[in-house]
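Taking it in order: structure first as structure tokens, then the write-up.
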Amino acid sequence: MNNAYQNWFLGAVLAAAASGAWAAGDAAAGKGKTAMCQGCHGIPGWKTAFPEVYHVPKLGGQHAAYIVKALQAYKSGERSHPSMQGIAAGLSDQDMADLAAYYAGAASK
């Protein structure tokens with residue numbers, strides 16, 4: 001691994017840790033918070049028509065840090081999707097970590 005890549009990777013890890021992206025999540029608590037997710041992400045092959053037609057991504061088996069960062073980006077407005085922005089707006093950092101822990105440990109669905 002070259003030095004530039006090592007420095008970049010270390011910087012990314014430190015930035016994520018400092019932002020709380022890897023806060024300890026409780027998968028059991030996350031399971032109890034999935035009702036808002038299941039309407040779209042829990043239906044195999046589901047396509048949504050708002051704001052455009054696309055396949056809804058599966059959450060099970062995703063990396064926890066990715067899920068947290070995505071939810072943070074929806075909450076901040078960095079990612080643009082009206083439904084996801086509305087859902088993320090009501091999530092605390094702990095909610096995000098719990099959901100991420102649950103979906104990271106769930107089988108790919």
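Here, A, B, ... name the chains of the structure tokens in the order displayed, residue numbers run from 1 inside each chain, and ligands are numbered from 1 in the same displayed order.
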
* To do: Write out as an MDAnalysis selection string each polymer residue whose atoms come within 12 Å of Phe50 in chain A, counting only C-alpha atoms; drop sequence neighbours fewer than 2 positions from it.
  => chainID A and resid 40 47:48 52:56 81:84

Would you give me, as CSV, each residue of range 16-78 of chain A having an atom within 12 Å of an atom of range 91-105 of chain A, along with its shortest atom pair and that distance in Å to one decimal, using only C-alpha atoms and sorting by chain and residue number?
residue,atom,partner,partner_atom,distance
A:Ser19,CA,A:Asp93,CA,10.0
A:Gly20,CA,A:Asp93,CA,7.7
A:Ala21,CA,A:Ala97,CA,7.7
A:Trp22,CA,A:Ala97,CA,7.3
A:Ala23,CA,A:Ala97,CA,6.1
A:Ala24,CA,A:Ala97,CA,6.4
A:Gly25,CA,A:Asp98,CA,4.1
A:Asp26,CA,A:Asp98,CA,4.7
A:Ala27,CA,A:Tyr102,CA,4.0
A:Ala28,CA,A:Tyr102,CA,6.8
A:Ala29,CA,A:Asp98,CA,6.0
A:Gly30,CA,A:Leu99,CA,4.2
A:Lys31,CA,A:Tyr102,CA,5.9
A:Gly32,CA,A:Leu99,CA,8.7
A:Lys33,CA,A:Leu99,CA,6.8
A:Thr34,CA,A:Leu99,CA,7.0
A:Ala35,CA,A:Leu99,CA,10.7
A:Met36,CA,A:Leu99,CA,10.7
A:Cys37,CA,A:Leu99,CA,9.4
A:Gln38,CA,A:Tyr103,CA,11.4
A:His41,CA,A:Tyr103,CA,10.8
A:Gly42,CA,A:Tyr103,CA,11.1
A:Lys58,CA,A:Tyr103,CA,9.4
A:Leu59,CA,A:Tyr103,CA,5.9
A:Gly60,CA,A:Tyr103,CA,4.7
A:Gly61,CA,A:Ala104,CA,4.7
A:Gln62,CA,A:Ala104,CA,5.1
A:His63,CA,A:Ala104,CA,5.3
A:Ala64,CA,A:Ala100,CA,4.5
A:Ala65,CA,A:Ala100,CA,7.2
A:Tyr66,CA,A:Ala100,CA,8.2
A:Ile67,CA,A:Ala100,CA,5.5
A:Val68,CA,A:Met96,CA,5.6
A:Lys69,CA,A:Met96,CA,8.9
A:Ala70,CA,A:Met96,CA,9.6
A:Leu71,CA,A:Met96,CA,6.8
A:Gln72,CA,A:Met96,CA,8.1
A:Ala73,CA,A:Met96,CA,11.5
A:Tyr74,CA,A:Leu91,CA,10.5
A:Lys75,CA,A:Leu91,CA,8.2
A:Ser76,CA,A:Leu91,CA,11.5

* To do: Extract the full set of strand (DSSP E or B) residues from range 8-108 of chain A according to DSSP on the backbone, and format it as a ChimeraX atom specification.
  => /A:47-48,54-55

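Considering only range 39-76 of chain A, backbone DSSP assigns alpha helix (DSSP H) to Gly39, Cys40, His41, Ala64, Ala65, Tyr66, Ile67, Val68, Lys69, Ala70, Leu71, Gln72, Ala73, Tyr74, Lys75 and Ser76 of chain A.
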